[in-house]
file input.txt (compact mmCIF, C-alpha atoms and all ligand atoms)
# COMPACT_ATOMS: atom_id res chain seq x y z
CA MET A 1 36.93 163.48 129.14
CA LYS A 2 33.37 164.82 128.90
CA PHE A 3 32.68 168.48 129.63
CA GLY A 4 30.31 167.44 132.41
CA SER A 5 33.13 165.92 134.41
CA ILE A 6 35.26 169.06 134.01
CA GLY A 7 32.38 171.02 135.48
CA MET A 8 32.05 168.59 138.36
CA MET A 9 35.77 168.75 139.03
CA ALA A 10 35.70 172.53 139.03
CA ALA A 11 32.82 172.44 141.51
CA ALA A 12 34.64 169.95 143.73
CA GLY A 13 37.80 172.05 143.51
CA ALA A 14 35.91 175.19 144.52
CA LEU A 15 34.36 173.38 147.49
CA LEU A 16 37.60 171.82 148.71
CA ALA A 17 39.85 174.70 147.67
CA ALA A 18 42.80 172.90 149.27
CA ALA A 19 44.25 171.41 146.11
CA PRO A 20 43.74 172.61 142.53
CA ALA A 21 42.04 170.14 140.20
CA SER A 22 45.32 169.77 138.34
CA ALA A 23 46.90 168.19 141.40
CA GLN A 24 44.21 165.53 141.58
CA GLN A 25 43.86 164.48 137.99
CA ALA A 26 46.60 163.48 135.59
CA ARG A 27 46.64 164.28 131.90
CA ASN A 28 49.61 162.03 131.15
CA VAL A 29 51.01 158.81 132.61
CA ILE A 30 54.59 157.60 132.25
CA LEU A 31 55.33 154.07 133.46
CA PHE A 32 59.01 153.22 133.87
CA LEU A 33 59.48 149.48 134.12
CA GLY A 34 62.84 148.25 135.36
CA ASP A 35 62.83 144.67 134.14
CA ALA A 36 64.16 142.54 137.01
CA GLY A 37 64.93 145.75 138.91
CA GLY A 38 64.28 144.51 142.44
CA ILE A 39 65.35 146.38 145.57
CA PRO A 40 68.71 144.53 145.83
CA THR A 41 69.50 145.63 142.26
CA LEU A 42 68.51 149.27 142.89
CA ASN A 43 70.56 149.31 146.10
CA ALA A 44 73.65 147.89 144.40
CA ALA A 45 73.23 150.04 141.27
CA GLY A 46 73.14 153.26 143.31
CA ILE A 47 76.21 152.33 145.34
CA MET A 48 78.13 151.12 142.26
CA ALA A 49 77.30 154.31 140.35
CA HIS A 50 77.66 156.94 143.09
CA ASP A 51 79.36 155.30 146.13
CA ARG A 52 76.55 156.67 148.29
CA PRO A 53 73.49 154.88 149.70
CA GLN A 54 70.04 155.85 148.41
CA SER A 55 71.64 158.00 145.74
CA LEU A 56 69.21 157.08 142.97
CA TYR A 57 66.58 159.57 141.86
CA ILE A 58 64.04 156.76 142.11
CA GLN A 59 64.91 156.52 145.82
CA SER A 60 63.80 160.15 146.26
CA MET A 61 60.35 159.77 144.73
CA PRO A 62 57.70 160.93 147.22
CA ASP A 63 55.26 158.01 147.27
CA ILE A 64 56.39 154.42 147.55
CA ALA A 65 54.92 150.96 148.06
CA LEU A 66 56.03 147.35 148.05
CA SER A 67 54.38 145.43 145.24
CA ASP A 68 53.69 141.69 145.23
CA THR A 69 54.73 140.20 141.90
CA SER A 70 53.36 136.63 142.08
CA SER A 71 51.52 135.43 138.98
CA LEU A 72 48.25 133.48 138.72
CA ASN A 73 49.99 130.10 138.72
CA ASN A 74 53.40 130.77 140.30
CA TRP A 75 54.92 132.62 143.24
CA VAL A 76 57.72 133.75 140.94
CA THR A 77 56.54 135.53 137.82
CA ASP A 78 58.04 135.83 134.38
CA SER A 79 57.97 139.16 132.54
CA ALA A 80 54.82 138.30 130.55
CA ALA A 81 52.57 137.65 133.54
CA GLY A 82 54.33 140.41 135.50
CA MET A 83 53.63 143.11 132.94
CA THR A 84 50.12 141.77 132.24
CA ALA A 85 49.26 142.32 135.92
CA ILE A 86 50.59 145.89 135.94
CA ILE A 87 49.14 146.98 132.58
CA THR A 88 45.74 145.18 132.69
CA GLY A 89 45.03 144.78 136.40
CA HIS A 90 44.72 141.00 136.04
CA LYS A 91 47.13 138.30 137.16
CA THR A 92 47.64 135.60 134.55
CA ASN A 93 49.77 132.49 134.10
CA ASN A 94 53.48 132.76 133.43
CA GLY A 95 54.21 133.11 129.72
CA MET A 96 50.82 134.65 128.85
CA LEU A 97 50.49 138.17 127.43
CA SER A 98 47.35 140.13 128.38
CA VAL A 99 45.07 137.10 128.13
CA LEU A 100 43.49 135.12 130.96
CA PRO A 101 42.99 131.36 130.86
CA ASP A 102 39.33 130.41 131.27
CA ALA A 103 37.81 127.13 132.51
CA ASN A 104 37.31 125.84 128.96
CA GLY A 105 40.97 126.22 128.09
CA ALA A 106 40.30 129.32 125.97
CA ASN A 107 42.23 132.54 126.39
CA VAL A 108 40.34 135.74 127.05
CA PRO A 109 42.00 139.05 126.08
CA VAL A 110 42.12 141.68 128.82
CA LYS A 111 42.33 145.36 127.93
CA SER A 112 45.58 147.12 128.69
CA PHE A 113 45.97 150.63 130.08
CA LEU A 114 47.56 151.57 126.74
CA GLU A 115 44.40 150.39 124.98
CA TYR A 116 42.20 152.45 127.33
CA ALA A 117 44.37 155.45 126.42
CA GLU A 118 44.15 154.72 122.67
CA GLN A 119 40.38 154.33 122.89
CA ARG A 120 40.16 157.79 124.47
CA GLY A 121 42.28 159.43 121.78
CA LEU A 122 45.45 159.93 123.80
CA SER A 123 48.84 159.41 122.21
CA THR A 124 50.77 156.34 123.30
CA GLY A 125 54.41 155.28 123.24
CA VAL A 126 56.40 152.14 123.99
CA VAL A 127 60.18 152.42 124.37
CA THR A 128 62.46 149.53 125.33
CA ASN A 129 66.09 148.43 125.22
CA MET A 130 64.79 144.91 124.54
CA PRO A 131 63.26 143.55 121.33
CA ILE A 132 59.96 145.37 120.69
CA TRP A 133 58.10 142.03 120.58
CA ASP A 134 59.53 140.90 123.95
CA ALA A 135 57.16 140.22 126.85
CA THR A 136 57.13 143.60 128.61
CA PRO A 137 56.43 145.83 125.59
CA ALA A 138 54.16 143.20 123.98
CA ALA A 139 51.85 143.03 127.03
CA THR A 140 50.84 146.66 126.36
CA PHE A 141 49.38 145.99 122.88
CA ALA A 142 49.24 142.21 122.16
CA HIS A 143 47.03 139.43 123.46
CA VAL A 144 48.59 136.01 122.97
CA PRO A 145 48.70 132.87 125.11
CA SER A 146 52.44 132.45 124.48
CA ARG A 147 55.03 135.23 124.71
CA LYS A 148 57.11 133.25 122.19
CA ASP A 149 54.59 133.83 119.40
CA LYS A 150 56.68 136.53 117.75
CA ASP A 151 54.82 136.52 114.43
CA GLN A 152 51.45 137.03 116.11
CA ILE A 153 52.86 139.80 118.33
CA PHE A 154 54.18 141.68 115.28
CA ARG A 155 50.85 141.20 113.51
CA GLN A 156 48.88 142.56 116.48
CA MET A 157 51.30 145.49 116.82
CA LEU A 158 50.00 146.67 113.43
CA ALA A 159 46.34 145.67 113.94
CA PRO A 160 45.29 147.52 117.10
CA ARG A 161 42.02 146.68 118.86
CA PHE A 162 41.56 150.29 120.04
CA GLY A 163 42.42 153.66 118.52
CA ASP A 164 45.07 153.73 115.83
CA GLY A 165 47.66 151.68 117.74
CA VAL A 166 50.85 152.66 119.52
CA ASP A 167 51.99 156.06 118.19
CA VAL A 168 55.70 155.76 118.99
CA LEU A 169 57.56 152.46 119.08
CA ILE A 170 61.28 152.29 119.82
CA GLY A 171 63.03 149.00 120.45
CA LYS A 172 65.41 146.36 119.29
CA GLY A 173 64.58 143.23 117.31
CA ARG A 174 64.85 144.70 113.80
CA SER A 175 66.05 141.39 112.36
CA ASP A 176 63.24 139.56 114.17
CA ALA A 177 60.76 141.95 112.53
CA GLU A 178 62.29 141.35 109.10
CA ALA A 179 62.04 137.57 109.61
CA SER A 180 58.41 137.74 110.77
CA PHE A 181 57.18 140.06 107.98
CA ALA A 182 59.14 138.12 105.35
CA LYS A 183 56.65 135.29 105.96
CA ASP A 184 53.98 137.67 104.59
CA GLY A 185 56.25 138.59 101.68
CA VAL A 186 57.02 142.13 102.84
CA THR A 187 59.87 143.98 104.54
CA ALA A 188 59.40 145.44 108.01
CA GLU A 189 59.46 148.93 106.48
CA GLN A 190 56.69 148.01 104.02
CA ALA A 191 54.56 146.46 106.75
CA PHE A 192 54.91 149.48 109.05
CA ALA A 193 54.38 151.96 106.19
CA LYS A 194 51.17 150.17 105.21
CA ALA A 195 49.97 150.53 108.80
CA GLY A 196 50.70 154.27 108.66
CA TYR A 197 54.08 154.46 110.35
CA ARG A 198 57.18 156.41 109.48
CA PHE A 199 59.92 153.79 109.92
CA GLY A 200 63.61 153.97 110.70
CA ALA A 201 66.53 152.90 112.86
CA ASP A 202 67.39 156.30 114.39
CA PRO A 203 65.35 157.27 117.49
CA ALA A 204 65.23 160.87 116.18
CA THR A 205 62.80 159.51 113.52
CA VAL A 206 59.97 159.59 116.04
CA GLU A 207 59.61 163.37 115.77
CA GLY A 208 57.39 164.44 112.92
CA LYS A 209 53.90 164.12 111.58
CA GLY A 210 51.98 160.99 112.51
CA ARG A 211 53.10 157.71 114.01
CA ALA A 212 56.62 156.32 113.96
CA ALA A 213 58.44 153.07 114.63
CA VAL A 214 62.16 152.76 115.27
CA LEU A 215 63.52 149.25 115.16
CA ARG A 216 67.20 148.34 115.29
CA ASP A 217 69.45 145.55 116.49
CA GLU A 218 71.95 147.75 118.37
CA ASP A 219 71.74 149.60 121.69
CA TYR A 220 70.88 153.30 121.58
CA ALA A 221 71.33 156.29 123.87
CA PRO A 222 68.31 156.25 126.20
CA ILE A 223 67.79 159.88 127.22
CA PRO A 224 67.68 161.48 123.73
CA ALA A 225 65.31 158.72 122.57
CA VAL A 226 62.92 159.17 125.47
CA GLU A 227 63.08 162.98 125.24
CA ALA A 228 62.21 162.84 121.51
CA THR A 229 59.35 160.47 122.31
CA LEU A 230 58.04 162.80 124.99
CA ARG A 231 58.13 165.81 122.65
CA GLN A 232 56.25 163.84 120.03
CA LEU A 233 53.58 162.49 122.40
CA SER A 234 53.12 165.91 124.08
CA ARG A 235 51.71 167.35 120.84
CA ASN A 236 48.39 165.71 121.67
CA PRO A 237 46.33 168.07 123.86
CA LYS A 238 44.35 165.07 125.16
CA GLY A 239 47.48 163.71 126.81
CA TYR A 240 49.62 160.61 126.47
CA PHE A 241 50.65 157.30 127.97
CA LEU A 242 54.29 156.29 127.69
CA MET A 243 55.79 152.99 128.85
CA VAL A 244 59.56 152.76 129.03
CA GLU A 245 61.12 149.39 129.78
CA TRP A 246 64.80 149.14 130.60
CA ASP A 247 66.18 145.66 131.04
CA MET A 248 68.22 145.32 134.24
CA HIS A 249 68.59 141.56 134.59
CA THR A 250 71.90 141.06 136.40
CA ASP A 251 72.99 137.72 134.91
CA ASP A 252 75.80 140.00 133.71
CA PRO A 253 76.01 142.04 136.95
CA GLN A 254 78.01 145.01 135.64
CA LYS A 255 75.77 145.40 132.61
CA GLY A 256 72.56 144.99 134.60
CA LEU A 257 73.62 147.49 137.26
CA ARG A 258 74.74 149.96 134.59
CA HIS A 259 71.32 149.64 132.95
CA ALA A 260 69.66 150.31 136.33
CA ALA A 261 71.68 153.52 136.74
CA GLU A 262 70.84 154.44 133.13
CA MET A 263 67.13 154.11 133.79
CA ASP A 264 67.48 156.12 136.96
CA ASP A 265 69.14 158.95 135.00
CA MET A 266 66.26 158.73 132.55
CA VAL A 267 63.59 158.93 135.29
CA ARG A 268 65.40 161.94 136.78
CA ARG A 269 65.58 163.75 133.43
CA ILE A 270 62.04 162.97 132.32
CA SER A 271 60.62 163.92 135.74
CA ALA A 272 62.26 167.33 135.30
CA ILE A 273 60.68 168.00 131.90
CA ALA A 274 57.28 166.25 132.09
CA GLY A 275 54.49 168.59 133.16
CA LYS A 276 53.06 168.65 136.68
CA ASP A 277 49.95 167.00 135.25
CA THR A 278 51.93 163.79 134.67
CA LEU A 279 51.74 160.73 136.91
CA ILE A 280 55.18 159.12 136.89
CA LEU A 281 55.50 155.55 138.12
CA PHE A 282 58.56 153.39 138.50
CA THR A 283 58.31 149.70 139.28
CA ALA A 284 59.78 146.32 138.43
CA ASP A 285 57.95 143.29 137.09
CA HIS A 286 59.91 140.99 139.44
CA SER A 287 63.07 140.90 141.49
CA PHE A 288 66.27 138.96 140.76
CA GLY A 289 68.74 136.83 142.74
CA LEU A 290 71.39 139.53 143.38
CA ARG A 291 72.91 140.13 146.81
CA MET A 292 75.45 142.65 148.08
CA ASN A 293 77.65 140.67 150.45
CA SER A 294 80.46 143.10 151.33
CA GLY A 295 82.15 146.31 150.29
CA LYS A 296 84.28 148.86 152.11
CA ARG A 297 83.23 152.48 152.32
CA GLY A 298 85.89 154.89 151.13
CA ALA A 299 86.94 152.83 148.08
CA PRO A 300 85.06 152.74 144.76
CA MET A 301 82.55 149.89 144.88
CA ALA A 302 82.83 149.22 141.15
CA GLN A 303 86.57 148.66 141.60
CA GLN A 304 86.05 146.34 144.58
CA TYR A 305 83.58 144.30 142.56
CA ALA A 306 85.82 144.15 139.48
CA GLU A 307 88.86 143.08 141.52
CA ALA A 308 86.91 140.26 143.17
CA ALA A 309 85.53 139.21 139.78
CA ALA A 310 89.05 139.08 138.29
CA LYS A 311 90.28 136.51 140.83
CA PRO A 312 90.85 133.05 139.29
CA GLY A 313 87.83 130.79 139.67
CA SER A 314 85.50 133.65 140.60
CA THR A 315 81.95 133.31 139.25
CA ILE A 316 78.95 135.62 139.46
CA ALA A 317 77.49 133.20 142.03
CA THR A 318 80.58 133.24 144.28
CA ASN A 319 81.73 136.86 144.01
CA PRO A 320 82.23 137.98 147.64
CA VAL A 321 81.22 141.61 146.91
CA ILE A 322 78.05 141.18 144.83
CA SER A 323 76.85 137.67 144.03
CA VAL A 324 74.10 136.68 141.65
CA VAL A 325 71.99 133.55 141.46
CA ASP A 326 70.75 133.82 137.89
CA THR A 327 67.01 133.62 138.46
CA HIS A 328 63.90 135.71 139.00
CA THR A 329 62.93 135.89 142.68
CA GLY A 330 59.60 136.26 144.44
CA GLU A 331 60.00 139.04 147.01
CA GLU A 332 58.14 142.34 146.72
CA VAL A 333 59.52 145.08 144.48
CA LEU A 334 59.50 148.84 144.83
CA ALA A 335 56.72 150.91 143.29
CA ALA A 336 57.55 154.63 143.39
CA ALA A 337 55.44 157.49 142.12
CA SER A 338 55.17 161.24 141.72
CA GLY A 339 52.52 163.55 140.32
CA PRO A 340 48.71 163.49 140.42
CA GLY A 341 47.42 160.25 141.95
CA ALA A 342 50.84 159.21 143.26
CA ASN A 343 49.53 159.18 146.83
CA ARG A 344 47.59 156.00 146.05
CA VAL A 345 50.97 154.21 145.96
CA HIS A 346 51.59 153.20 149.57
CA GLY A 347 51.89 150.16 151.81
CA PHE A 348 52.08 146.58 150.61
CA LEU A 349 49.98 146.12 147.49
CA PRO A 350 49.45 143.63 144.65
CA ASN A 351 51.05 144.52 141.29
CA THR A 352 47.54 144.65 139.78
CA ARG A 353 46.86 147.75 141.94
CA LEU A 354 49.25 149.77 139.77
CA PHE A 355 46.72 149.48 136.93
CA ASP A 356 44.06 150.89 139.28
CA VAL A 357 46.43 153.70 140.30
CA MET A 358 46.90 154.74 136.66
CA MET A 359 43.17 154.51 135.89
CA ALA A 360 42.25 156.52 138.99
CA ALA A 361 44.85 159.19 138.21
CA MET A 362 43.18 159.71 134.83
CA GLY A 363 39.67 159.50 136.32
CA TRP A 364 38.84 156.51 134.09
CA LYS A 365 36.45 153.67 134.93
CA LYS A 366 37.24 150.07 134.10
CA ASP A 367 35.03 148.34 131.52
CA LYS A 368 32.48 145.96 133.05
ZN ZN A 401 60.97 140.65 133.61
call {"tool": "encode", "arguments": {"input": "input.txt", "output": "structure tokens", "more": "lines below"}}
Ligand SMILES: [Zn+2]
result
Amino acid sequence: MKFGSIGMMAAAGALLAAAPASAQQARNVILFLGDAGGIPTLNAAGIMAHDRPQSLYIQSMPDIALSDTSSLNNWVTDSAAGMTAIITGHKTNNGMLSVLPDANGANVPVKSFLEYAEQRGLSTGVVTNMPIWDATPAATFAHVPSRKDKDQIFRQMLAPRFGDGVDVLIGKGRSDAEASFAKDGVTAEQAFAKAGYRFGADPATVEGKGRAAVLRDEDYAPIPAVEATLRQLSRNPKGYFLMVEWDMHTDDPQKGLRHAAEMDDMVRRISAIAGKDTLILFTADHSFGLRMNSGKRGAPMAQQYAEAAAKPGSTIATNPVISVVDTHTGEEVLAAASGPGANRVHGFLPNTRLFDVMMAAMGWKKDK
């Protein structure tokens, strides 16, 4: 931010006097992305976890909207086009990561919110319970026409177009990284070290001097990892952008719903410790074919589901309590927000608007 704009804000604040400047402008943005976390999944996850309706923290966030998730070429998006829309403000074709197809068949990179933050000297973080090269995290820093191009995604992770690249990376896909960098004759650790990263498998590694990458093949405890990331990113007085993806696809319904409750716990905890100058957004890239079909109040829902699932011949598609058709679906998803700029999240809106909401919260203008 230039000093001139601070002066202007102070003047505007003095004139309006109703809200302090800090309430209007964010210093930090945290985007929580529930992958496949549509409203049916949030509803079922809350009831499974707490046996109460609307018991998720996310369901208490003050500003909410319903976000269209269609992609440029399909009414039902994949995660690549879904995250591209949210993080760049542009809808693209399914399978594409932060590039747009042009009339000549070329692919034009579009700048992500993370890249705007890097360019301005903020710290940035990407945390996921999926492989770090997977579509949702990759859309924040890579620009490739195919989400399957793992080698290119790893290469771009270490060759940022703006700033010095993502400051904190935590995700799975360690063996994928080893396989990709082996093609260049180096280990993942050597490749990351050369790019200036401390490298490890323990999320606690992220705290320390300079940038850090944590790659592993196993699950990890979400809250300590995100708290460590937040402490690390908060050292930058200019602010930070953090994207946390938690996969909640319900092709395995119990696992998916547990992941949804896990992310909710994380949003609750992080909302309590992030400063008031932090815009916090939760949304999903797309919904999923889960339906709650029955369930008695007064008995644990998780038990009712498990008993129905244990019956001979029961499948996830035919479970009478919660059934799942294993596919992404096209209905709107929840966008929920708190903090400076959250009040721009209301009504029915396109997923690309969430990019505008983040930019406006920071007082940033889009490149021409
Ligand atoms: Zn997805």
call {"tool": "closest_residue", "arguments": {"input": "input.txt", "among": "A:Gln24, A:Gln119, A:Thr229, A:Asn43", "to": "Met292 (chain A)", "atoms": "all atoms listed in the file"}}
result
A:Asn43
call {"tool": "residues_near_ligand", "arguments": {"input": "input.txt", "ligand": "ligand ZN 401 (chain A)", "cutoff": "9 Å", "atoms": "all atoms listed in the file", "output": "list in words"}}
result
Leu33, Gly34, Asp35, Ala36, Gly37, Thr77, Asp78, Ser79, Ala80, Ala81, Gly82, Met83, Ala135, Thr136, Asp247, Met248, His249, Ala284, Asp285, His286, Ser287 and His328 of chain A
call {"tool": "write_last_selection", "arguments": {"input": "input.txt", "atoms": "C-alpha atoms", "output": "PDB file, in the frame of the given file"}}
result
ATOM      1  CA  LEU A  33      59.480 149.480 134.120  1.00  0.00           C
ATOM      2  CA  GLY A  34      62.840 148.250 135.360  1.00  0.00           C
ATOM      3  CA  ASP A  35      62.830 144.670 134.140  1.00  0.00           C
ATOM      4  CA  ALA A  36      64.160 142.540 137.010  1.00  0.00           C
ATOM      5  CA  GLY A  37      64.930 145.750 138.910  1.00  0.00           C
ATOM      6  CA  THR A  77      56.540 135.530 137.820  1.00  0.00           C
ATOM      7  CA  ASP A  78      58.040 135.830 134.380  1.00  0.00           C
ATOM      8  CA  SER A  79      57.970 139.160 132.540  1.00  0.00           C
ATOM      9  CA  ALA A  80      54.820 138.300 130.550  1.00  0.00           C
ATOM     10  CA  ALA A  81      52.570 137.650 133.540  1.00  0.00           C
ATOM     11  CA  GLY A  82      54.330 140.410 135.500  1.00  0.00           C
ATOM     12  CA  MET A  83      53.630 143.110 132.940  1.00  0.00           C
ATOM     13  CA  ALA A 135      57.160 140.220 126.850  1.00  0.00           C
ATOM     14  CA  THR A 136      57.130 143.600 128.610  1.00  0.00           C
ATOM     15  CA  ASP A 247      66.180 145.660 131.040  1.00  0.00           C
ATOM     16  CA  MET A 248      68.220 145.320 134.240  1.00  0.00           C
ATOM     17  CA  HIS A 249      68.590 141.560 134.590  1.00  0.00           C
ATOM     18  CA  ALA A 284      59.780 146.320 138.430  1.00  0.00           C
ATOM     19  CA  ASP A 285      57.950 143.290 137.090  1.00  0.00           C
ATOM     20  CA  HIS A 286      59.910 140.990 139.440  1.00  0.00           C
ATOM     21  CA  SER A 287      63.070 140.900 141.490  1.00  0.00           C
ATOM     22  CA  HIS A 328      63.900 135.710 139.000  1.00  0.00           C
TER      23      HIS A 328
END
call {"tool": "residues_around", "arguments": {"input": "input.txt", "residues": "Ala337 (chain A)", "least_positions_apart": "3", "cutoff": "8 Å", "atoms": "all atoms listed in the file", "output": "PyMOL selection string"}}
result
chain A and resi 61-64+279-282+342-343+345
call {"tool": "closest_residue", "arguments": {"input": "input.txt", "among": "A:Ser98, A:Thr318, A:Ser175, A:Ser323", "to": "Ala142 (chain A)", "atoms": "all atoms listed in the file"}}
result
A:Ser98
call {"tool": "residues_near_point", "arguments": {"input": "input.txt", "point": "(50.9, 135.5, 134.1)", "cutoff": "8 Å", "atoms": "only C-alpha atoms", "output": "JSON, numbers by chain"}}
result
{"A": [71, 72, 73, 77, 78, 80, 81, 82, 84, 85, 91, 92, 93, 94, 95, 96, 97]}
call {"tool": "atom_distance", "arguments": {"input": "input.txt", "atom1": "CA of Met359 (chain A)", "atom2": "CA of Thr69 (chain A)"}}
result
19.4 Å
call {"tool": "closest_residue", "arguments": {"input": "input.txt", "among": "A:Ser271, A:Gln190, A:Ser234, A:Ser338", "to": "Ala213 (chain A)", "atoms": "all atoms listed in the file"}}
result
A:Gln190
call {"tool": "residues_around", "arguments": {"input": "input.txt", "residues": "Asp219 (chain A)", "least_positions_apart": "2", "cutoff": "9 Å", "atoms": "all atoms listed in the file", "output": "PyMOL selection string"}}
result
chain A and resi 129-130+171-172+216-217+221-222
call {"tool": "closest_residue", "arguments": {"input": "input.txt", "among": "A:Ile270, A:Ala212, A:Ala138, A:Leu349", "to": "Glu227 (chain A)", "atoms": "all atoms listed in the file"}}
result
A:Ile270
call {"tool": "residues_around", "arguments": {"input": "input.txt", "residues": "Arg231 (chain A)", "least_positions_apart": "3", "cutoff": "10 Å", "atoms": "all atoms listed in the file", "output": "number ranges by chain"}}
result
A: 206-208, 226-228, 234-236, 273-274
call {"tool": "atom_distance", "arguments": {"input": "input.txt", "atom1": "CA of Gly105 (chain A)", "atom2": "CA of Ile153 (chain A)"}}
result
20.5 Å
call {"tool": "decode", "arguments": {"input": "input.txt", "residues": "region 86-99 of chain A", "atoms": "N, CA, C and O atoms", "output": "PDB file, in the first residue's frame"}}
result
ATOM      1  N   ILE A  86     -12.448 -18.952  -8.609  1.00  0.00           N
ATOM      2  CA  ILE A  86     -12.410 -18.296  -7.297  1.00  0.00           C
ATOM      3  C   ILE A  86     -11.112 -17.498  -7.120  1.00  0.00           C
ATOM      4  O   ILE A  86     -11.112 -16.397  -6.579  1.00  0.00           O
ATOM      5  N   ILE A  87     -10.004 -18.037  -7.593  1.00  0.00           N
ATOM      6  CA  ILE A  87      -8.688 -17.463  -7.265  1.00  0.00           C
ATOM      7  C   ILE A  87      -8.197 -16.479  -8.333  1.00  0.00           C
ATOM      8  O   ILE A  87      -7.294 -15.686  -8.073  1.00  0.00           O
ATOM      9  N   THR A  88      -8.797 -16.524  -9.554  1.00  0.00           N
ATOM     10  CA  THR A  88      -8.388 -15.567 -10.599  1.00  0.00           C
ATOM     11  C   THR A  88      -9.515 -14.649 -11.056  1.00  0.00           C
ATOM     12  O   THR A  88      -9.259 -13.671 -11.772  1.00  0.00           O
ATOM     13  N   GLY A  89     -10.759 -14.998 -10.731  1.00  0.00           N
ATOM     14  CA  GLY A  89     -11.883 -14.191 -11.202  1.00  0.00           C
ATOM     15  C   GLY A  89     -12.288 -14.485 -12.636  1.00  0.00           C
ATOM     16  O   GLY A  89     -13.071 -13.752 -13.231  1.00  0.00           O
ATOM     17  N   HIS A  90     -11.769 -15.585 -13.192  1.00  0.00           N
ATOM     18  CA  HIS A  90     -12.109 -15.968 -14.567  1.00  0.00           C
ATOM     19  C   HIS A  90     -12.600 -17.411 -14.613  1.00  0.00           C
ATOM     20  O   HIS A  90     -11.923 -18.309 -14.107  1.00  0.00           O
ATOM     21  N   LYS A  91     -13.730 -17.624 -15.278  1.00  0.00           N
ATOM     22  CA  LYS A  91     -14.159 -19.001 -15.513  1.00  0.00           C
ATOM     23  C   LYS A  91     -13.337 -19.576 -16.661  1.00  0.00           C
ATOM     24  O   LYS A  91     -13.052 -18.890 -17.641  1.00  0.00           O
ATOM     25  N   THR A  92     -12.944 -20.829 -16.529  1.00  0.00           N
ATOM     26  CA  THR A  92     -12.216 -21.495 -17.605  1.00  0.00           C
ATOM     27  C   THR A  92     -12.819 -22.877 -17.823  1.00  0.00           C
ATOM     28  O   THR A  92     -13.784 -23.261 -17.165  1.00  0.00           O
ATOM     29  N   ASN A  93     -12.236 -23.613 -18.797  1.00  0.00           N
ATOM     30  CA  ASN A  93     -12.760 -24.947 -19.100  1.00  0.00           C
ATOM     31  C   ASN A  93     -12.367 -25.950 -18.022  1.00  0.00           C
ATOM     32  O   ASN A  93     -11.302 -25.822 -17.395  1.00  0.00           O
ATOM     33  N   ASN A  94     -13.189 -26.967 -17.850  1.00  0.00           N
ATOM     34  CA  ASN A  94     -12.842 -28.026 -16.903  1.00  0.00           C
ATOM     35  C   ASN A  94     -11.457 -28.589 -17.215  1.00  0.00           C
ATOM     36  O   ASN A  94     -11.080 -28.758 -18.380  1.00  0.00           O
ATOM     37  N   GLY A  95     -10.701 -28.843 -16.177  1.00  0.00           N
ATOM     38  CA  GLY A  95      -9.371 -29.437 -16.333  1.00  0.00           C
ATOM     39  C   GLY A  95      -8.257 -28.409 -16.433  1.00  0.00           C
ATOM     40  O   GLY A  95      -7.082 -28.752 -16.279  1.00  0.00           O
ATOM     41  N   MET A  96      -8.590 -27.139 -16.692  1.00  0.00           N
ATOM     42  CA  MET A  96      -7.558 -26.115 -16.881  1.00  0.00           C
ATOM     43  C   MET A  96      -7.252 -25.406 -15.566  1.00  0.00           C
ATOM     44  O   MET A  96      -8.139 -25.136 -14.770  1.00  0.00           O
ATOM     45  N   LEU A  97      -5.973 -25.078 -15.368  1.00  0.00           N
ATOM     46  CA  LEU A  97      -5.520 -24.428 -14.138  1.00  0.00           C
ATOM     47  C   LEU A  97      -5.030 -23.014 -14.423  1.00  0.00           C
ATOM     48  O   LEU A  97      -3.942 -22.830 -14.995  1.00  0.00           O
ATOM     49  N   SER A  98      -5.824 -22.032 -14.047  1.00  0.00           N
ATOM     50  CA  SER A  98      -5.440 -20.614 -14.137  1.00  0.00           C
ATOM     51  C   SER A  98      -4.863 -20.232 -15.498  1.00  0.00           C
ATOM     52  O   SER A  98      -3.929 -19.445 -15.595  1.00  0.00           O
ATOM     53  N   VAL A  99      -5.445 -20.821 -16.542  1.00  0.00           N
ATOM     54  CA  VAL A  99      -5.240 -20.361 -17.919  1.00  0.00           C
ATOM     55  C   VAL A  99      -6.613 -20.289 -18.583  1.00  0.00           C
ATOM     56  O   VAL A  99      -7.533 -21.010 -18.191  1.00  0.00           O
TER      57      VAL A  99
END
